[in-house]
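Novice: My structure is stored as data_20.pdb, with PDB, C-alpha atoms, pLDDT in the B column.
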ATOM      1  CA  MET A 192     -21.611  -4.509 -17.852  1.00 44.00           C
ATOM      2  CA  THR A 193     -19.606  -3.658 -14.768  1.00 45.00           C
ATOM      3  CA  THR A 194     -20.967  -1.431 -12.055  1.00 44.00           C
ATOM      4  CA  HIS A 195     -18.846   0.390  -9.535  1.00 46.00           C
ATOM      5  CA  ASP A 196     -20.000   1.518  -6.151  1.00 47.00           C
ATOM      6  CA  THR A 197     -19.423   5.118  -5.262  1.00 46.00           C
ATOM      7  CA  PRO A 198     -16.345   5.397  -3.032  1.00 49.00           C
ATOM      8  CA  ALA A 199     -17.195   5.797   0.616  1.00 50.00           C
ATOM      9  CA  THR A 200     -16.539   9.115   2.269  1.00 51.00           C
ATOM     10  CA  GLY A 201     -16.445  10.113   5.905  1.00 53.00           C
ATOM     11  CA  ASP A 202     -14.246   7.903   8.046  1.00 60.00           C
ATOM     12  CA  LEU A 203     -12.434   6.394   5.065  1.00 72.00           C
ATOM     13  CA  THR A 204     -11.143   9.785   3.940  1.00 76.00           C
ATOM     14  CA  THR A 205      -8.871   9.818   6.988  1.00 82.00           C
ATOM     15  CA  LEU A 206      -7.242   6.637   5.641  1.00 88.00           C
ATOM     16  CA  ILE A 207      -6.624   7.794   2.089  1.00 92.00           C
ATOM     17  CA  GLU A 208      -3.757  10.277   2.591  1.00 93.00           C
ATOM     18  CA  PRO A 209      -1.773   8.133   5.050  1.00 95.00           C
ATOM     19  CA  LEU A 210      -2.127   5.074   2.824  1.00 94.00           C
ATOM     20  CA  LYS A 211      -1.032   7.042  -0.239  1.00 95.00           C
ATOM     21  CA  ALA A 212       1.953   8.335   1.723  1.00 96.00           C
ATOM     22  CA  LEU A 213       2.895   4.812   2.788  1.00 96.00           C
ATOM     23  CA  ALA A 214       2.565   3.450  -0.756  1.00 97.00           C
ATOM     24  CA  ASN A 215       5.981   4.912  -1.632  1.00 97.00           C
ATOM     25  CA  PRO A 216       8.728   2.495  -0.512  1.00 97.00           C
ATOM     26  CA  VAL A 217      11.179   5.249   0.466  1.00 98.00           C
ATOM     27  CA  ARG A 218       8.611   7.094   2.582  1.00 98.00           C
ATOM     28  CA  LEU A 219       7.662   3.807   4.242  1.00 97.00           C
ATOM     29  CA  GLN A 220      11.338   3.043   4.922  1.00 98.00           C
ATOM     30  CA  VAL A 221      11.917   6.485   6.448  1.00 98.00           C
ATOM     31  CA  LEU A 222       8.888   6.023   8.708  1.00 98.00           C
ATOM     32  CA  GLN A 223      10.292   2.644   9.776  1.00 97.00           C
ATOM     33  CA  TRP A 224      13.700   4.211  10.511  1.00 98.00           C
ATOM     34  CA  LEU A 225      12.011   6.927  12.571  1.00 97.00           C
ATOM     35  CA  ARG A 226      10.375   4.253  14.723  1.00 97.00           C
ATOM     36  CA  THR A 227      13.775   3.657  16.335  1.00 96.00           C
ATOM     37  CA  PRO A 228      15.697   6.771  15.277  1.00 96.00           C
ATOM     38  CA  GLU A 229      18.583   6.190  17.674  1.00 95.00           C
ATOM     39  CA  GLU A 230      19.465   3.037  15.709  1.00 95.00           C
ATOM     40  CA  HIS A 231      19.598   4.864  12.373  1.00 96.00           C
ATOM     41  CA  PHE A 232      20.465   8.525  12.911  1.00 94.00           C
ATOM     42  CA  PRO A 233      22.168  10.996  15.179  1.00 89.00           C
ATOM     43  CA  VAL A 234      19.187  12.096  17.276  1.00 80.00           C
ATOM     44  CA  ASN A 235      18.552  15.097  19.462  1.00 85.00           C
ATOM     45  CA  GLU A 236      15.592  16.025  21.639  1.00 86.00           C
ATOM     46  CA  VAL A 237      13.826  17.703  18.699  1.00 91.00           C
ATOM     47  CA  GLY A 238      14.010  14.757  16.304  1.00 95.00           C
ATOM     48  CA  VAL A 239      16.027  13.717  13.273  1.00 96.00           C
ATOM     49  CA  CYS A 240      17.469  16.418  11.038  1.00 95.00           C
ATOM     50  CA  VAL A 241      16.335  16.237   7.436  1.00 95.00           C
ATOM     51  CA  SER A 242      19.986  16.307   6.368  1.00 95.00           C
ATOM     52  CA  HIS A 243      20.558  12.970   8.161  1.00 97.00           C
ATOM     53  CA  ILE A 244      17.510  11.462   6.461  1.00 97.00           C
ATOM     54  CA  GLN A 245      18.799  12.753   3.134  1.00 97.00           C
ATOM     55  CA  ALA A 246      22.240  11.232   3.715  1.00 97.00           C
ATOM     56  CA  LYS A 247      20.787   7.832   4.663  1.00 97.00           C
ATOM     57  CA  THR A 248      18.444   7.672   1.667  1.00 97.00           C
ATOM     58  CA  GLY A 249      21.048   8.963  -0.786  1.00 97.00           C
ATOM     59  CA  LEU A 250      18.378  11.070  -2.464  1.00 97.00           C
ATOM     60  CA  ALA A 251      18.455  14.754  -3.326  1.00 97.00           C
ATOM     61  CA  GLN A 252      17.572  17.124  -0.501  1.00 93.00           C
ATOM     62  CA  SER A 253      14.575  18.435  -2.454  1.00 95.00           C
ATOM     63  CA  THR A 254      13.221  14.898  -2.931  1.00 97.00           C
ATOM     64  CA  VAL A 255      13.599  14.062   0.749  1.00 97.00           C
ATOM     65  CA  SER A 256      11.947  17.344   1.747  1.00 96.00           C
ATOM     66  CA  ALA A 257       9.034  16.591  -0.585  1.00 97.00           C
ATOM     67  CA  TYR A 258       8.710  13.060   0.823  1.00 98.00           C
ATOM     68  CA  MET A 259       8.740  14.361   4.385  1.00 98.00           C
ATOM     69  CA  ALA A 260       6.109  16.972   3.508  1.00 97.00           C
ATOM     70  CA  VAL A 261       3.843  14.177   2.235  1.00 97.00           C
ATOM     71  CA  LEU A 262       4.343  12.226   5.469  1.00 98.00           C
ATOM     72  CA  GLU A 263       3.616  15.353   7.494  1.00 97.00           C
ATOM     73  CA  ARG A 264       0.449  16.224   5.553  1.00 96.00           C
ATOM     74  CA  ALA A 265      -0.683  12.632   6.114  1.00 96.00           C
ATOM     75  CA  GLY A 266      -0.194  13.145   9.856  1.00 95.00           C
ATOM     76  CA  LEU A 267       2.476  10.476  10.200  1.00 97.00           C
ATOM     77  CA  VAL A 268       5.347  12.759  11.233  1.00 98.00           C
ATOM     78  CA  ARG A 269       5.723  16.115  12.933  1.00 97.00           C
ATOM     79  CA  SER A 270       8.350  18.686  12.130  1.00 97.00           C
ATOM     80  CA  ALA A 271      10.185  21.311  14.126  1.00 96.00           C
ATOM     81  CA  ARG A 272      12.450  24.036  12.787  1.00 95.00           C
ATOM     82  CA  VAL A 273      15.787  24.607  14.488  1.00 92.00           C
ATOM     83  CA  GLY A 274      17.555  27.471  12.776  1.00 93.00           C
ATOM     84  CA  LYS A 275      17.643  26.639   9.093  1.00 94.00           C
ATOM     85  CA  TRP A 276      17.127  22.904   9.660  1.00 93.00           C
ATOM     86  CA  THR A 277      13.929  20.905   9.931  1.00 95.00           C
ATOM     87  CA  HIS A 278      13.800  17.966  12.321  1.00 96.00           C
ATOM     88  CA  TYR A 279      11.259  15.144  12.131  1.00 97.00           C
ATOM     89  CA  ARG A 280       9.763  12.628  14.489  1.00 97.00           C
ATOM     90  CA  ARG A 281       6.912  10.167  14.120  1.00 97.00           C
ATOM     91  CA  ASP A 282       3.471  11.129  15.375  1.00 97.00           C
ATOM     92  CA  GLU A 283       2.948   7.953  17.384  1.00 97.00           C
ATOM     93  CA  GLU A 284      -0.539   8.956  18.546  1.00 96.00           C
ATOM     94  CA  ARG A 285      -1.748   9.487  14.968  1.00 95.00           C
ATOM     95  CA  ILE A 286      -0.100   6.256  13.796  1.00 96.00           C
ATOM     96  CA  ALA A 287      -1.833   4.320  16.606  1.00 95.00           C
ATOM     97  CA  ARG A 288      -5.199   5.825  15.613  1.00 93.00           C
ATOM     98  CA  LEU A 289      -4.530   4.926  11.974  1.00 93.00           C
ATOM     99  CA  ILE A 290      -3.764   1.307  12.893  1.00 92.00           C
ATOM    100  CA  GLU A 291      -6.895   1.168  15.044  1.00 91.00           C
ATOM    101  CA  GLN A 292      -8.998   2.602  12.225  1.00 89.00           C
ATOM    102  CA  LEU A 293      -7.556   0.124   9.707  1.00 88.00           C
ATOM    103  CA  GLY A 294      -8.515  -2.691  12.049  1.00 87.00           C
ATOM    104  CA  ARG A 295     -12.083  -1.365  12.338  1.00 84.00           C
ATOM    105  CA  ASP A 296     -12.646  -0.442   8.698  1.00 79.00           C
ATOM    106  CA  ILE A 297     -10.786  -3.236   6.913  1.00 77.00           C
ATOM    107  CA  GLY A 298     -10.833  -5.979   9.501  1.00 72.00           C
ATOM    108  CA  ASP A 299      -8.457  -7.642  11.864  1.00 59.00           C
ATOM    109  CA  ILE A 300      -5.729  -8.967   9.602  1.00 54.00           C
ATOM    110  CA  GLY A 301      -4.282 -11.046  12.439  1.00 55.00           C
ATOM    111  CA  SER A 302      -7.447 -13.136  12.737  1.00 55.00           C
ATOM    112  CA  VAL A 303      -7.386 -14.399   9.151  1.00 50.00           C
TER     113      VAL A 303
END
For this file, produce the structure as C-alpha cells.

Specialist:
Amino acid sequence: MTTHDTPATGDLTTLIEPLKALANPVRLQVLQWLRTPEEHFPVNEVGVCVSHIQAKTGLAQSTVSAYMAVLERAGLVRSARVGKWTHYRRDEERIARLIEQLGRDIGDIGSV
C-alpha cells in the first residue's frame, strides 16, 4: 500500500503558479527572450509589443495573448497598455524572489 503525504501549503503555493507557467516550452522561451529583449525584438521604453512576440513565436495572436496572461498571473511579467497594444517586460524583482525561494525550499542545486 502506498501512502501519499498531503501537499504542503503556505510558502510552496507561491511556487506552484510560476512553475506551471514555466513548464510550457514556449512560455519559457518567451521569458528567456524578454531577459534581453533588445537582442530579440524592437523594444521601446514600455516593453515588447505582443505583436512582436507573436511574430517571433509564429503562433496565433490569441495563443500568445493567453500564454502572456499565464506568465502575468504567475508574476513573471508585467504588462502595460499603449493604445490598443499590450507591451510586456519581465518582473525581475519577482523572478529574483522566485529563484531565492527555490533555493531555500528545494535546495541549492549548484552545490550538488

Novice: Figure out the distance between CA of Gly298 in chain A and CA of Arg281 in chain A, please, to one decimal in Å.

Specialist: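 Result for CA of Arg281 in chain A versus CA of Gly298 in chain A: 24.4 Å, one decimal.
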
Novice: Taking all atoms listed in the file into account, produce a table as a tab-separated table in which each residue of range 210-268 of chain A with an atom at most 9 Å from an atom of range 286-290 of chain A appears once, together with its shortest atom pair and the distance in Å to one decimal, ordered by chain and rising number.

Specialist:
residue	atom	partner	partner_atom	distance
A:Gly266	CA	A:Ile286	CA	7.9
A:Leu267	CA	A:Ile286	CA	6.1
A:Val268	CA	A:Ile286	CA	8.9

Novice: What would the selection look like, as a list in words, if the PyMOL selection byres ((chain A and resi 265) around 9) were run on the coordinates I just shared?

Specialist: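 Evaluating the PyMOL selection byres ((chain A and resi 265) around 9) on these coordinates yields Thr205, Leu206, Ile207, Glu208, Pro209, Leu210, Lys211, Ala212, Ala260, Val261, Leu262, Glu263, Arg264, Gly266, Leu267 and Val268 of chain A.
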
Novice: Kindly give the distance, in Å, that separates CA of Gln223 in chain A and CA of Gly274 in chain A, rounded to a single decimal.

Specialist: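 A separation of 26.0 Å between them.
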
Novice: Pick out the closest residue to Ile244 in chain A from this set: A:Leu203, A:Met259, A:Leu293, A:Val273. Count all atoms listed in the file.

Specialist: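 With all atoms listed in the file as the atom set, the closest residue is A:Met259.
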
Novice: For a quick check of your reading of the model, name the residues lying within 6 Å of the coordinate (20.1, 9.6, 8.9), counting all atoms listed in the file, and write them as a PyMOL selection string.

Specialist: chain A and resi 231-232+243-244+246-247

Novice: Taking all atoms of range 248-266 of chain A that the file lists and extending 8 Å past them on each side, where is the centre of the axis-aligned box and how long are its edges? Answer in Å to one decimal, as lines of an AutoDock Vina configuration file.

Specialist:
center_x = 10.2
center_y = 13.1
center_z = 3.3
size_x = 37.7
size_y = 26.8
size_z = 29.2

Novice: What separation in Å, quoted to one decimal, exists between CA of Cys240 in chain A and CA of Thr227 in chain A?

Specialist: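 So the two atoms, CA of Cys240 in chain A and CA of Thr227 in chain A, lie 14.3 Å apart.
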